[in-house]
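Q: Okay, so here is model02.cif, and as you'll see once you scroll down, it has mmCIF, C-alpha atoms (C1' of nucleotides).
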data_data
loop_
_atom_site.label_atom_id
_atom_site.label_comp_id
_atom_site.auth_asym_id
_atom_site.auth_seq_id
_atom_site.Cartn_x
_atom_site.Cartn_y
_atom_site.Cartn_z
CA MET N 1 83.37 67.76 28.46
CA ALA N 2 83.94 70.73 26.22
CA ASP N 3 81.52 73.13 27.77
CA THR N 4 80.58 71.82 31.15
CA GLY N 5 82.34 74.62 32.95
CA ALA N 6 85.50 75.24 34.87
CA GLN N 7 86.12 72.39 37.25
CA SER N 8 89.33 73.31 39.00
CA GLY N 9 88.70 71.70 42.35
CA GLU N 10 86.69 74.04 44.53
CA SER N 11 86.14 76.24 41.51
CA LEU N 12 84.21 79.42 41.94
CA LEU N 13 84.09 80.15 38.25
CA PHE N 14 81.31 77.66 37.52
CA LEU N 15 78.97 79.66 39.70
CA THR N 16 78.95 82.67 37.42
CA ASP N 17 75.55 84.00 36.46
CA GLU N 18 76.43 82.79 33.00
CA GLN N 19 76.81 79.19 34.11
CA LEU N 20 73.73 79.39 36.27
CA ARG N 21 71.69 80.74 33.40
CA LYS N 22 72.73 77.84 31.23
CA GLY N 23 71.58 75.49 33.94
CA ILE N 24 68.24 77.27 34.13
CA GLU N 25 67.69 77.08 30.41
CA ALA N 26 68.80 73.45 30.30
CA MET N 27 66.25 72.69 32.99
CA PHE N 28 63.53 74.43 31.02
CA PHE N 29 64.21 72.69 27.72
CA ALA N 30 64.86 69.31 29.32
CA TYR N 31 61.59 69.36 31.22
CA ARG N 32 59.79 69.80 27.95
CA GLY N 33 61.41 66.64 26.66
CA PHE N 34 60.72 64.91 29.93
CA THR N 35 56.95 65.38 29.57
CA ALA N 36 56.65 65.17 25.78
CA ASP N 37 56.21 61.41 25.39
CA PRO N 38 53.66 60.91 28.17
CA ASP N 39 51.78 63.97 26.93
CA ARG N 40 51.29 62.34 23.54
CA ILE N 41 49.94 59.15 25.09
CA LEU N 42 47.70 61.08 27.46
CA ALA N 43 46.23 63.07 24.60
CA GLU N 44 45.10 59.83 22.95
CA HIS N 45 43.30 58.89 26.14
CA GLU N 46 41.83 62.37 26.65
CA TYR N 47 43.75 62.82 29.84
CA GLY N 48 46.20 65.46 30.98
CA ARG N 49 49.36 65.68 33.03
CA ALA N 50 47.42 65.82 36.25
CA HIS N 51 46.06 62.34 35.53
CA HIS N 52 49.56 61.08 34.84
CA ARG N 53 50.83 62.40 38.15
CA ALA N 54 47.94 60.85 40.08
CA VAL N 55 48.35 57.50 38.35
CA HIS N 56 52.10 57.56 38.86
CA PHE N 57 52.03 58.14 42.59
CA ILE N 58 49.11 55.81 43.23
CA ASN N 59 51.13 53.12 41.51
CA ARG N 60 54.17 53.99 43.54
CA ALA N 61 52.38 53.91 46.86
CA PRO N 62 49.29 51.71 46.52
CA GLY N 63 46.76 52.34 49.24
CA THR N 64 47.88 55.91 49.77
CA THR N 65 45.25 58.27 51.12
CA VAL N 66 43.90 61.29 49.30
CA ASN N 67 45.54 63.57 51.84
CA ASN N 68 48.92 62.01 51.31
CA LEU N 69 48.59 62.32 47.56
CA LEU N 70 47.60 65.95 48.06
CA ALA N 71 50.81 66.63 49.94
CA ILE N 72 52.95 64.94 47.31
CA LEU N 73 51.32 66.64 44.36
CA GLY N 74 51.02 70.03 46.04
CA VAL N 75 47.60 70.90 44.69
CA THR N 76 44.26 71.61 46.29
CA LYS N 77 41.87 68.79 47.11
CA GLN N 78 39.32 70.24 44.71
CA SER N 79 41.79 70.05 41.88
CA LEU N 80 42.88 66.53 42.72
CA ASN N 81 39.32 65.45 43.31
CA ARG N 82 38.29 66.37 39.81
CA VAL N 83 41.07 64.22 38.40
CA LEU N 84 40.44 61.31 40.77
CA ARG N 85 36.75 61.34 39.99
CA THR N 86 37.32 60.89 36.27
CA LEU N 87 39.91 58.17 36.91
CA ILE N 88 37.49 56.34 39.20
CA GLU N 89 34.58 56.79 36.78
CA ASP N 90 36.72 55.41 33.99
CA GLY N 91 37.67 52.43 36.10
CA LEU N 92 41.39 53.15 36.31
CA VAL N 93 41.49 53.86 40.03
CA GLU N 94 39.68 52.27 42.93
CA ALA N 95 39.02 54.16 46.18
CA ARG N 96 38.55 51.81 49.14
CA VAL N 97 37.17 53.11 52.39
CA GLY N 98 39.72 52.73 55.16
CA THR N 99 39.19 49.93 57.66
CA ARG N 100 40.99 51.51 60.60
CA ASP N 101 39.80 55.03 59.80
CA ARG N 102 36.75 54.94 57.61
CA ARG N 103 37.01 58.61 56.68
CA GLU N 104 40.06 57.86 54.63
CA ARG N 105 39.97 56.63 51.09
CA HIS N 106 42.79 54.37 50.07
CA LEU N 107 43.66 54.56 46.42
CA TYR N 108 44.64 51.69 44.17
CA LEU N 109 45.10 51.23 40.45
CA THR N 110 42.77 48.76 38.79
CA GLU N 111 44.17 46.42 36.15
CA ALA N 112 43.23 48.98 33.49
CA GLY N 113 44.91 51.70 35.53
CA ALA N 114 48.06 49.63 35.79
CA VAL N 115 48.04 49.16 32.02
CA LEU N 116 47.97 52.92 31.43
CA GLU N 117 50.60 53.49 34.09
CA ARG N 118 52.96 51.03 32.44
CA LYS N 119 52.38 52.63 29.05
CA LEU N 120 53.15 56.09 30.39
CA SER N 121 56.10 55.18 32.54
CA GLU N 122 57.64 52.99 29.88
CA ALA N 123 57.62 55.94 27.49
CA GLN N 124 59.13 58.22 30.09
CA ARG N 125 61.69 55.68 31.22
CA SER N 126 62.68 55.07 27.65
CA ARG N 127 63.75 58.67 27.17
CA MET N 128 65.41 58.76 30.55
CA ARG N 129 67.27 55.56 29.73
CA ALA N 130 68.56 57.02 26.49
CA ALA N 131 69.70 60.18 28.24
CA TYR N 132 71.39 58.22 31.02
CA ARG N 133 73.12 55.99 28.53
CA GLN N 134 74.34 58.94 26.53
CA ALA N 135 75.60 60.85 29.54
CA GLY N 136 77.15 57.96 31.44
CA PRO N 137 77.01 56.75 35.05
CA GLU N 138 79.01 59.56 36.60
CA ALA N 139 76.90 62.20 34.93
CA VAL N 140 73.78 60.47 36.21
CA ALA N 141 75.08 60.59 39.77
CA GLY N 142 75.69 64.32 39.41
CA PHE N 143 72.33 64.83 37.81
CA ARG N 144 70.59 63.24 40.75
CA GLN N 145 72.63 65.20 43.28
CA VAL N 146 71.83 68.56 41.75
CA LEU N 147 68.15 67.75 41.37
CA GLU N 148 67.88 66.70 44.97
CA ALA N 149 69.61 69.86 46.13
CA MET N 150 67.17 71.91 44.10
CA MET N 151 64.05 70.57 45.80
CA ASP N 152 62.14 72.31 48.54
CA PRO N 153 62.68 70.54 51.87
CA ASP N 154 59.09 69.28 51.90
CA MET N 155 59.47 67.77 48.48
CA ARG N 156 62.83 66.27 49.39
CA ARG N 157 61.10 64.56 52.28
CA HIS N 158 58.47 63.04 50.00
CA PHE N 159 61.15 62.06 47.54
CA ALA N 160 63.18 60.34 50.25
CA GLU N 161 60.14 58.45 51.50
CA LEU N 162 59.42 57.14 48.04
CA LYS N 163 63.05 56.19 47.56
CA GLU N 164 63.04 54.10 50.73
CA ARG N 165 59.85 52.43 49.72
CA GLY N 166 61.20 50.98 46.57
CA MET A 1 77.26 59.23 47.18
CA ALA A 2 75.29 56.71 49.22
CA ASP A 3 72.46 56.16 46.80
CA THR A 4 73.54 57.44 43.45
CA GLY A 5 73.57 53.99 41.96
CA ALA A 6 76.01 51.37 40.81
CA GLN A 7 78.85 52.98 38.94
CA SER A 8 81.08 50.11 37.98
CA GLY A 9 82.49 51.46 34.75
CA GLU A 10 80.13 50.71 31.89
CA SER A 11 77.58 49.61 34.47
CA LEU A 12 74.27 48.35 33.27
CA LEU A 13 72.81 48.21 36.73
CA PHE A 14 72.13 51.93 36.93
CA LEU A 15 69.68 51.61 34.08
CA THR A 16 67.24 49.49 36.02
CA ASP A 17 63.65 50.65 35.98
CA GLU A 18 64.14 51.38 39.65
CA GLN A 19 66.97 53.82 39.00
CA LEU A 20 65.12 55.40 36.11
CA ARG A 21 62.03 55.87 38.23
CA LYS A 22 64.06 57.68 40.85
CA GLY A 23 65.37 59.97 38.16
CA ILE A 24 61.85 60.65 36.94
CA GLU A 25 60.60 61.48 40.41
CA ALA A 26 63.65 63.61 41.13
CA MET A 27 62.95 65.55 37.96
CA PHE A 28 59.35 66.09 38.99
CA PHE A 29 60.09 67.30 42.50
CA ALA A 30 63.09 69.38 41.44
CA TYR A 31 61.14 71.20 38.77
CA ARG A 32 58.69 72.28 41.41
CA GLY A 33 61.54 73.83 43.37
CA PHE A 34 62.94 75.30 40.20
CA THR A 35 59.78 77.32 39.56
CA ALA A 36 58.72 77.99 43.15
CA ASP A 37 60.63 81.23 43.76
CA PRO A 38 59.78 82.97 40.47
CA ASP A 39 56.16 81.87 40.89
CA ARG A 40 55.95 83.73 44.18
CA ILE A 41 57.34 86.91 42.63
CA LEU A 42 55.10 86.60 39.59
CA ALA A 43 52.03 86.21 41.79
CA GLU A 44 52.79 89.58 43.40
CA HIS A 45 52.85 91.16 39.97
CA GLU A 46 49.74 89.31 38.77
CA TYR A 47 51.73 87.49 36.13
CA GLY A 48 52.19 83.80 35.44
CA ARG A 49 54.90 81.48 34.23
CA ALA A 50 54.18 82.30 30.63
CA HIS A 51 55.19 85.90 31.30
CA HIS A 52 58.36 84.76 32.97
CA ARG A 53 59.33 82.65 29.99
CA ALA A 54 58.68 85.48 27.55
CA VAL A 55 60.63 87.99 29.63
CA HIS A 56 63.48 85.54 30.11
CA PHE A 57 64.00 84.82 26.43
CA ILE A 58 63.49 88.40 25.30
CA ASN A 59 66.21 89.36 27.74
CA ARG A 60 68.43 86.58 26.47
CA ALA A 61 67.99 87.47 22.82
CA PRO A 62 67.04 91.15 22.60
CA GLY A 63 65.49 92.05 19.27
CA THR A 64 64.20 88.54 18.72
CA THR A 65 61.12 88.28 16.53
CA VAL A 66 57.77 86.90 17.57
CA ASN A 67 58.22 83.89 15.34
CA ASN A 68 61.56 83.03 16.87
CA LEU A 69 60.13 83.31 20.36
CA LEU A 70 57.27 81.08 19.28
CA ALA A 71 59.70 78.39 18.21
CA ILE A 72 61.67 78.58 21.45
CA LEU A 73 58.65 78.52 23.71
CA GLY A 74 56.77 75.94 21.71
CA VAL A 75 53.35 77.51 22.06
CA THR A 76 50.82 78.89 19.61
CA LYS A 77 50.97 82.49 18.48
CA GLN A 78 47.59 83.14 20.08
CA SER A 79 48.89 81.99 23.40
CA LEU A 80 52.08 84.00 23.17
CA ASN A 81 50.26 87.01 21.85
CA ARG A 82 48.04 87.22 24.89
CA VAL A 83 51.10 87.32 27.11
CA LEU A 84 53.03 89.77 24.94
CA ARG A 85 50.07 92.11 24.75
CA THR A 86 49.84 92.44 28.52
CA LEU A 87 53.60 92.88 28.82
CA ILE A 88 53.56 95.63 26.18
CA GLU A 89 50.52 97.31 27.72
CA ASP A 90 52.23 97.26 31.11
CA GLY A 91 55.34 98.80 29.60
CA LEU A 92 57.70 95.90 30.27
CA VAL A 93 58.27 94.99 26.65
CA GLU A 94 58.68 97.09 23.56
CA ALA A 95 57.88 95.80 20.06
CA ARG A 96 59.77 97.65 17.34
CA VAL A 97 58.82 97.26 13.71
CA GLY A 98 61.66 95.71 11.74
CA THR A 99 63.73 97.97 9.50
CA ARG A 100 64.76 95.38 6.95
CA ASP A 101 61.47 93.51 7.05
CA ARG A 102 58.70 95.68 8.36
CA ARG A 103 56.36 92.76 8.98
CA GLU A 104 58.53 91.62 11.83
CA ARG A 105 58.28 92.89 15.37
CA HIS A 106 61.53 92.94 17.27
CA LEU A 107 61.07 92.53 20.99
CA TYR A 108 63.02 94.33 23.69
CA LEU A 109 62.68 94.71 27.43
CA THR A 110 62.09 98.22 28.66
CA GLU A 111 63.90 99.38 31.79
CA ALA A 112 60.91 98.24 33.85
CA GLY A 113 60.97 94.91 32.05
CA ALA A 114 64.65 94.51 32.80
CA VAL A 115 63.97 95.21 36.47
CA LEU A 116 61.42 92.41 36.67
CA GLU A 117 63.68 90.09 34.71
CA ARG A 118 66.52 90.65 37.15
CA LYS A 119 64.24 90.08 40.09
CA LEU A 120 62.97 86.80 38.66
CA SER A 121 66.26 85.48 37.43
CA GLU A 122 68.09 86.46 40.58
CA ALA A 123 65.63 84.40 42.60
CA GLN A 124 66.00 81.45 40.28
CA ARG A 125 69.76 81.74 40.08
CA SER A 126 69.95 81.92 43.82
CA ARG A 127 68.37 78.50 44.22
CA MET A 128 70.41 77.10 41.36
CA ARG A 129 73.57 78.50 42.93
CA ALA A 130 72.78 76.85 46.25
CA ALA A 131 72.09 73.53 44.56
CA TYR A 132 75.28 73.75 42.50
CA ARG A 133 77.32 74.63 45.55
CA GLN A 134 75.87 71.76 47.50
CA ALA A 135 76.39 69.22 44.73
CA GLY A 136 79.83 70.33 43.58
CA PRO A 137 81.39 71.04 40.18
CA GLU A 138 81.51 67.47 38.91
CA ALA A 139 77.87 66.90 39.74
CA VAL A 140 76.98 70.07 37.88
CA ALA A 141 78.76 68.86 34.77
CA GLY A 142 76.81 65.60 34.93
CA PHE A 143 73.59 67.42 35.58
CA ARG A 144 74.03 69.48 32.44
CA GLN A 145 74.98 66.46 30.35
CA VAL A 146 71.91 64.47 31.31
CA LEU A 147 69.58 67.42 30.82
CA GLU A 148 70.94 68.09 27.38
CA ALA A 149 70.56 64.44 26.41
CA MET A 150 66.96 64.55 27.57
CA MET A 151 65.94 67.38 25.25
CA ASP A 152 64.11 66.96 21.96
CA PRO A 153 66.48 67.71 19.06
CA ASP A 154 64.64 70.93 18.24
CA MET A 155 64.98 72.19 21.77
CA ARG A 156 68.63 71.14 21.89
CA ARG A 157 69.16 73.28 18.82
CA HIS A 158 67.59 76.32 20.46
CA PHE A 159 69.55 75.65 23.62
CA ALA A 160 72.80 75.47 21.69
CA GLU A 161 72.06 78.72 19.89
CA LEU A 162 71.47 80.49 23.16
CA LYS A 163 74.61 79.00 24.62
CA GLU A 164 76.72 80.34 21.79
CA ARG A 165 75.15 83.72 22.14
CA GLY A 166 76.34 84.27 25.60
"C1'" DT W 1 28.80 64.71 73.25
"C1'" DT W 2 31.23 68.03 71.12
"C1'" DG W 3 35.18 69.44 68.39
"C1'" DG W 4 38.01 68.81 64.76
"C1'" DA W 5 39.99 66.07 60.99
"C1'" DA W 6 39.37 63.80 56.47
"C1'" DT W 7 36.84 63.80 52.61
"C1'" DG W 8 33.66 65.17 49.04
"C1'" DT W 9 30.90 68.46 46.38
"C1'" DC W 10 29.22 72.73 44.24
"C1'" DA W 11 30.05 77.14 42.24
"C1'" DA W 12 32.81 80.63 40.37
"C1'" DC W 13 36.92 82.06 38.45
"C1'" DA W 14 41.72 82.62 36.32
"C1'" DA W 15 45.85 81.24 33.72
"C1'" DC W 16 47.34 79.16 29.92
"C1'" DA W 17 47.20 76.15 26.55
"C1'" DC W 18 44.56 74.72 22.13
"C1'" DT W 19 41.91 75.14 17.25
"C1'" DG W 20 39.89 77.65 13.63
"C1'" DA W 21 38.92 81.65 11.07
"C1'" DC W 22 39.96 85.99 9.45
"C1'" DA W 23 42.56 90.59 8.72
"C1'" DT W 24 46.51 93.28 7.56
"C1'" DA W 25 50.84 94.45 5.89
"C1'" DA W 26 54.71 93.59 3.42
"C1'" DA W 27 57.98 90.75 1.29
"C1'" DA W 28 58.87 87.52 -2.40
"C1'" DT W 29 57.88 85.58 -6.67
"C1'" DG W 30 55.78 84.92 -11.04
"C1'" DC T 1 52.10 94.49 -11.79
"C1'" DA T 2 49.50 90.63 -9.88
"C1'" DT T 3 49.69 86.86 -6.98
"C1'" DT T 4 51.32 84.19 -3.33
"C1'" DT T 5 53.56 83.60 0.86
"C1'" DT T 6 55.11 85.12 5.29
"C1'" DA T 7 54.74 87.50 9.77
"C1'" DT T 8 51.86 89.11 12.81
"C1'" DG T 9 47.67 90.20 15.24
"C1'" DT T 10 42.95 89.37 16.69
"C1'" DC T 11 38.38 87.26 17.70
"C1'" DA T 12 35.75 83.47 19.29
"C1'" DG T 13 35.32 79.15 21.41
"C1'" DT T 14 37.10 75.23 24.18
"C1'" DG T 15 39.69 72.28 27.57
"C1'" DT T 16 42.82 71.29 31.46
"C1'" DT T 17 44.47 72.52 35.55
"C1'" DG T 18 44.87 75.27 39.02
"C1'" DT T 19 42.67 78.57 42.59
"C1'" DT T 20 38.93 80.29 46.67
"C1'" DG T 21 35.07 79.92 49.26
"C1'" DA T 22 31.19 77.65 51.22
"C1'" DC T 23 29.03 73.74 52.92
"C1'" DA T 24 27.88 68.69 54.03
"C1'" DT T 25 29.13 64.25 55.70
"C1'" DT T 26 31.49 60.99 58.29
"C1'" DC T 27 33.68 59.65 62.25
"C1'" DC T 28 37.81 59.53 65.44
"C1'" DA T 29 39.16 61.35 69.83
"C1'" DA T 30 39.09 64.14 73.83
#
Kindly return the structure encoded in the file as structure tokens.
A:
Amino acid sequence: MADTGAQSGESLLFLTDEQLRKGIEAMFFAYRGFTADPDRILAEHEYGRAHHRAVHFINRAPGTTVNNLLAILGVTKQSLNRVLRTLIEDGLVEARVGTRDRRERHLYLTEAGAVLERKLSEAQRSRMRAAYRQAGPEAVAGFRQVLEAMMDPDMRRHFAELKERG
Amino acid sequence: MADTGAQSGESLLFLTDEQLRKGIEAMFFAYRGFTADPDRILAEHEYGRAHHRAVHFINRAPGTTVNNLLAILGVTKQSLNRVLRTLIEDGLVEARVGTRDRRERHLYLTEAGAVLERKLSEAQRSRMRAAYRQAGPEAVAGFRQVLEAMMDPDMRRHFAELKERG
DNA sequence: TTGGAATGTCAACAACACTGACATAAAATG
DNA sequence: CATTTTATGTCAGTGTTGTTGACATTCCAA
């Protein structure tokens, strides 16, 4: 509690540039930790963060279309396509032609893809679990609230959809 | 409060994979928001995130050496050097030869550099301020606690040093 | 049947990270 | 003083991830 800022009710003090700057730097350093463990695993497999993101969201929403994934990841189709192609070539992702709309490709993890996904997410969850445990339940609730408030509305929409899903 | 997880004292429930996954996705989407505003400004100036990081930490610790900046940013000297060179060429950063140890270069923002720094950090603070305001003081305290627990020890050390400084 | 949407592909390019090798200057140490 | 180490800079090459732009294919829908 020592340094977490003035908290006198509807405090204004905690919104000083000073406090905000600390939050910004905390976000920067924490994100590095957040990605460090998966990055190590990915390096072994000759993949990058983009592959992790694709694998993560395909796992989360099996059968999602390329367009939907594009919207979630916020990259161009060319960029995503490069990543998807290698994942498909390597047999980690399967792209099934849509039955209702055959222009669409529905994306699924193969068994091998699911294995990598579990390896990556277990590493990431493990750090998150340790941080949650250290900070305590109330801190976690606050953490989630601030993060959600920080998102762009579009991203908050995607986040909410994924939350409902599972 | 609706969805922030079970909070029954020393709850174990909130450490389910489900809850952890939500935290992971929140972190991903929030970081996008976190960098969105500076990215737009940087694009206008033909700079990238690497320039932002350099400018930010030079502003935070004026007179810092290249080696110290290297440790904070966690990149190679070649990578940092490319960025520093353009910033110096463009007159945003000044590198003064050390007086005590003349091998060292001490880095400072010029007036123009300080102008850009304020522009970037004001944009970033503005979003952070809105998120803090929306989430409330207690949430902010929790946010900071979880972020700090998520850092690698090295990064936590750098973070702590910067905190003390100002 | 035509228009537009969804997807894929090719080419070129830029930012930013990496490794490895080498150069210079100066401090530190023997 | 000679040698080693440290701090920094630079050159060359490479990889990942992003970007634009152009174009082809497929196929639903008006």
Q: Translate the PyMOL selection byres ((chain A) within 8 of (chain N)) into a concrete residue list for this structure, as JSON, numbers by chain.
A: {"A": [1, 4, 5, 6, 7, 9, 10, 11, 14, 15, 17, 18, 20, 21, 22, 23, 24, 25, 26, 27, 29, 30, 31, 32, 33, 34, 124, 125, 127, 128, 129, 130, 131, 132, 133, 134, 135, 136, 137, 138, 139, 140, 141, 142, 143, 144, 145, 146, 147, 148, 149, 150, 151, 152, 155, 156, 159, 163, 166]}
Q: Counting all atoms listed in the file, a student should be able to say which residues of chain A come within 10 Å of chain W; what is the right answer, written as number ranges by chain?
A: A: 47-50, 75-76, 78-80, 82-83, 100-104
Q: Write out as an MDAnalysis selection string every residue belonging to chain T that has an atom at most 8 Å from any atom of chain A, counting only C-alpha atoms (C1' of nucleotides).
A: chainID T and resid 7:9
Q: Least-squares fit on all C-alpha atoms, paired in order: put chain N onto chain A and return it as a short mmCIF file (atom, residue, chain, number, x, y, z; two decimals) with C-alpha atoms, keeping the file's coordinate frame.
A:
data_model
loop_
_atom_site.label_atom_id
_atom_site.label_comp_id
_atom_site.auth_asym_id
_atom_site.auth_seq_id
_atom_site.Cartn_x
_atom_site.Cartn_y
_atom_site.Cartn_z
CA MET N 1 77.48 59.06 47.14
CA ALA N 2 75.47 56.60 49.16
CA ASP N 3 72.58 56.11 46.82
CA THR N 4 73.58 57.42 43.45
CA GLY N 5 73.59 53.98 41.90
CA ALA N 6 76.03 51.35 40.80
CA GLN N 7 78.88 52.96 38.95
CA SER N 8 81.12 50.09 37.99
CA GLY N 9 82.53 51.43 34.76
CA GLU N 10 80.15 50.68 31.93
CA SER N 11 77.59 49.59 34.49
CA LEU N 12 74.29 48.29 33.27
CA LEU N 13 72.79 48.13 36.72
CA PHE N 14 72.11 51.86 36.95
CA LEU N 15 69.70 51.58 34.07
CA THR N 16 67.22 49.46 35.97
CA ASP N 17 63.63 50.64 35.90
CA GLU N 18 64.14 51.34 39.57
CA GLN N 19 66.96 53.80 38.94
CA LEU N 20 65.12 55.37 36.05
CA ARG N 21 62.03 55.86 38.16
CA LYS N 22 64.05 57.65 40.79
CA GLY N 23 65.37 59.95 38.12
CA ILE N 24 61.85 60.64 36.91
CA GLU N 25 60.60 61.47 40.37
CA ALA N 26 63.66 63.59 41.10
CA MET N 27 62.94 65.54 37.93
CA PHE N 28 59.35 66.07 38.97
CA PHE N 29 60.08 67.29 42.48
CA ALA N 30 63.08 69.36 41.43
CA TYR N 31 61.13 71.19 38.76
CA ARG N 32 58.69 72.27 41.41
CA GLY N 33 61.52 73.82 43.36
CA PHE N 34 62.94 75.30 40.21
CA THR N 35 59.77 77.33 39.54
CA ALA N 36 58.71 78.02 43.13
CA ASP N 37 60.63 81.24 43.75
CA PRO N 38 59.78 82.97 40.47
CA ASP N 39 56.16 81.89 40.90
CA ARG N 40 55.94 83.76 44.19
CA ILE N 41 57.34 86.94 42.65
CA LEU N 42 55.09 86.63 39.62
CA ALA N 43 52.03 86.27 41.80
CA GLU N 44 52.80 89.63 43.41
CA HIS N 45 52.88 91.20 39.97
CA GLU N 46 49.75 89.38 38.77
CA TYR N 47 51.71 87.54 36.15
CA GLY N 48 52.16 83.86 35.43
CA ARG N 49 54.88 81.53 34.25
CA ALA N 50 54.19 82.35 30.64
CA HIS N 51 55.18 85.96 31.31
CA HIS N 52 58.37 84.81 32.99
CA ARG N 53 59.33 82.70 30.01
CA ALA N 54 58.67 85.53 27.56
CA VAL N 55 60.62 88.03 29.65
CA HIS N 56 63.48 85.59 30.11
CA PHE N 57 64.02 84.85 26.45
CA ILE N 58 63.49 88.43 25.31
CA ASN N 59 66.22 89.40 27.74
CA ARG N 60 68.44 86.64 26.48
CA ALA N 61 68.02 87.53 22.83
CA PRO N 62 67.03 91.20 22.58
CA GLY N 63 65.47 92.05 19.26
CA THR N 64 64.21 88.53 18.69
CA THR N 65 61.14 88.23 16.50
CA VAL N 66 57.79 86.89 17.61
CA ASN N 67 58.23 83.87 15.37
CA ASN N 68 61.56 83.02 16.90
CA LEU N 69 60.16 83.32 20.39
CA LEU N 70 57.29 81.08 19.31
CA ALA N 71 59.72 78.38 18.26
CA ILE N 72 61.67 78.58 21.50
CA LEU N 73 58.65 78.55 23.75
CA GLY N 74 56.74 75.96 21.74
CA VAL N 75 53.33 77.54 22.08
CA THR N 76 50.84 78.94 19.62
CA LYS N 77 51.05 82.55 18.49
CA GLN N 78 47.64 83.23 20.01
CA SER N 79 48.85 82.09 23.38
CA LEU N 80 52.07 84.06 23.19
CA ASN N 81 50.27 87.07 21.81
CA ARG N 82 48.04 87.31 24.83
CA VAL N 83 51.07 87.37 27.10
CA LEU N 84 53.03 89.81 24.93
CA ARG N 85 50.09 92.16 24.74
CA THR N 86 49.83 92.48 28.51
CA LEU N 87 53.60 92.92 28.81
CA ILE N 88 53.55 95.64 26.16
CA GLU N 89 50.50 97.33 27.71
CA ASP N 90 52.22 97.31 31.07
CA GLY N 91 55.33 98.84 29.57
CA LEU N 92 57.68 95.94 30.25
CA VAL N 93 58.27 94.99 26.62
CA GLU N 94 58.67 97.09 23.52
CA ALA N 95 57.84 95.75 20.05
CA ARG N 96 59.73 97.60 17.30
CA VAL N 97 58.74 97.17 13.70
CA GLY N 98 61.57 95.62 11.72
CA THR N 99 63.57 97.90 9.45
CA ARG N 100 64.67 95.28 6.93
CA ASP N 101 61.39 93.37 7.06
CA ARG N 102 58.63 95.54 8.40
CA ARG N 103 56.29 92.62 9.01
CA GLU N 104 58.48 91.48 11.83
CA ARG N 105 58.27 92.80 15.33
CA HIS N 106 61.49 92.88 17.25
CA LEU N 107 61.08 92.52 20.97
CA TYR N 108 63.01 94.33 23.65
CA LEU N 109 62.68 94.73 27.39
CA THR N 110 62.07 98.25 28.63
CA GLU N 111 63.89 99.43 31.75
CA ALA N 112 60.91 98.27 33.83
CA GLY N 113 60.98 94.93 32.03
CA ALA N 114 64.66 94.54 32.79
CA VAL N 115 63.97 95.25 36.45
CA LEU N 116 61.41 92.43 36.64
CA GLU N 117 63.68 90.11 34.70
CA ARG N 118 66.53 90.69 37.13
CA LYS N 119 64.23 90.11 40.09
CA LEU N 120 62.98 86.83 38.67
CA SER N 121 66.28 85.50 37.44
CA GLU N 122 68.10 86.47 40.60
CA ALA N 123 65.63 84.41 42.62
CA GLN N 124 65.99 81.47 40.28
CA ARG N 125 69.75 81.73 40.09
CA SER N 126 69.94 81.91 43.84
CA ARG N 127 68.36 78.49 44.23
CA MET N 128 70.40 77.08 41.39
CA ARG N 129 73.55 78.47 42.96
CA ALA N 130 72.76 76.82 46.27
CA ALA N 131 72.08 73.50 44.58
CA TYR N 132 75.26 73.72 42.52
CA ARG N 133 77.29 74.59 45.57
CA GLN N 134 75.83 71.71 47.53
CA ALA N 135 76.34 69.18 44.77
CA GLY N 136 79.78 70.28 43.62
CA PRO N 137 81.36 70.98 40.22
CA GLU N 138 81.48 67.41 38.98
CA ALA N 139 77.85 66.84 39.79
CA VAL N 140 76.96 70.01 37.93
CA ALA N 141 78.76 68.79 34.82
CA GLY N 142 76.79 65.55 34.97
CA PHE N 143 73.58 67.40 35.60
CA ARG N 144 74.05 69.46 32.48
CA GLN N 145 74.98 66.43 30.38
CA VAL N 146 71.90 64.47 31.33
CA LEU N 147 69.59 67.43 30.83
CA GLU N 148 70.98 68.09 27.40
CA ALA N 149 70.58 64.46 26.42
CA MET N 150 66.97 64.57 27.56
CA MET N 151 65.95 67.41 25.25
CA ASP N 152 64.16 67.01 21.96
CA PRO N 153 66.52 67.75 19.06
CA ASP N 154 64.67 70.97 18.24
CA MET N 155 65.01 72.21 21.77
CA ARG N 156 68.66 71.19 21.89
CA ARG N 157 69.20 73.34 18.83
CA HIS N 158 67.62 76.36 20.50
CA PHE N 159 69.57 75.67 23.65
CA ALA N 160 72.84 75.49 21.72
CA GLU N 161 72.11 78.74 19.92
CA LEU N 162 71.50 80.52 23.19
CA LYS N 163 74.65 79.03 24.67
CA GLU N 164 76.76 80.37 21.82
CA ARG N 165 75.19 83.75 22.13
CA GLY N 166 76.28 84.31 25.65
#
Q: To one decimal place, how far is CA of Leu70 (chain A) from C1' of DT3 (chain T) in Å?
A: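 Between these atoms lies a distance of 27.9 Å.
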Q: Please indicate the distance in Å from CA of Pro38 (chain A) to CA of Arg165 (chain A), rounded to one decimal place.
A: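 Result for CA of Pro38 (chain A) versus CA of Arg165 (chain A): 23.9 Å, one decimal.
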Q: So how many Å separate CA of Leu109 (chain A) and CA of Leu69 (chain A), to one decimal?
A: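 Spanning CA of Leu109 (chain A) to CA of Leu69 (chain A) is a straight-line distance of 13.7 Å.
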Q: Name all residues at most 12 Å from Lys119 (chain A) (count only C-alpha atoms (C1' of nucleotides); drop same-chain ones fewer than 5 positions away) and give them as an MDAnalysis selection string.
A: chainID A and resid 37:42 44:45 52 55:56 112:114 124:126
Q: List the neighbours of Leu84 (chain N) out to 8 Å using only C-alpha atoms (C1' of nucleotides); skip same-chain residues closer than 6 positions along the sequence, and give me the result as a PDB file with C-alpha atoms, in the coordinates of the input.
A:
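File produced: selection.pdb:
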ATOM      1  CA  HIS N  51      46.060  62.340  35.530  1.00  0.00           C
ATOM      2  CA  ALA N  54      47.940  60.850  40.080  1.00  0.00           C
ATOM      3  CA  VAL N  93      41.490  53.860  40.030  1.00  0.00           C
TER       4      VAL N  93
END
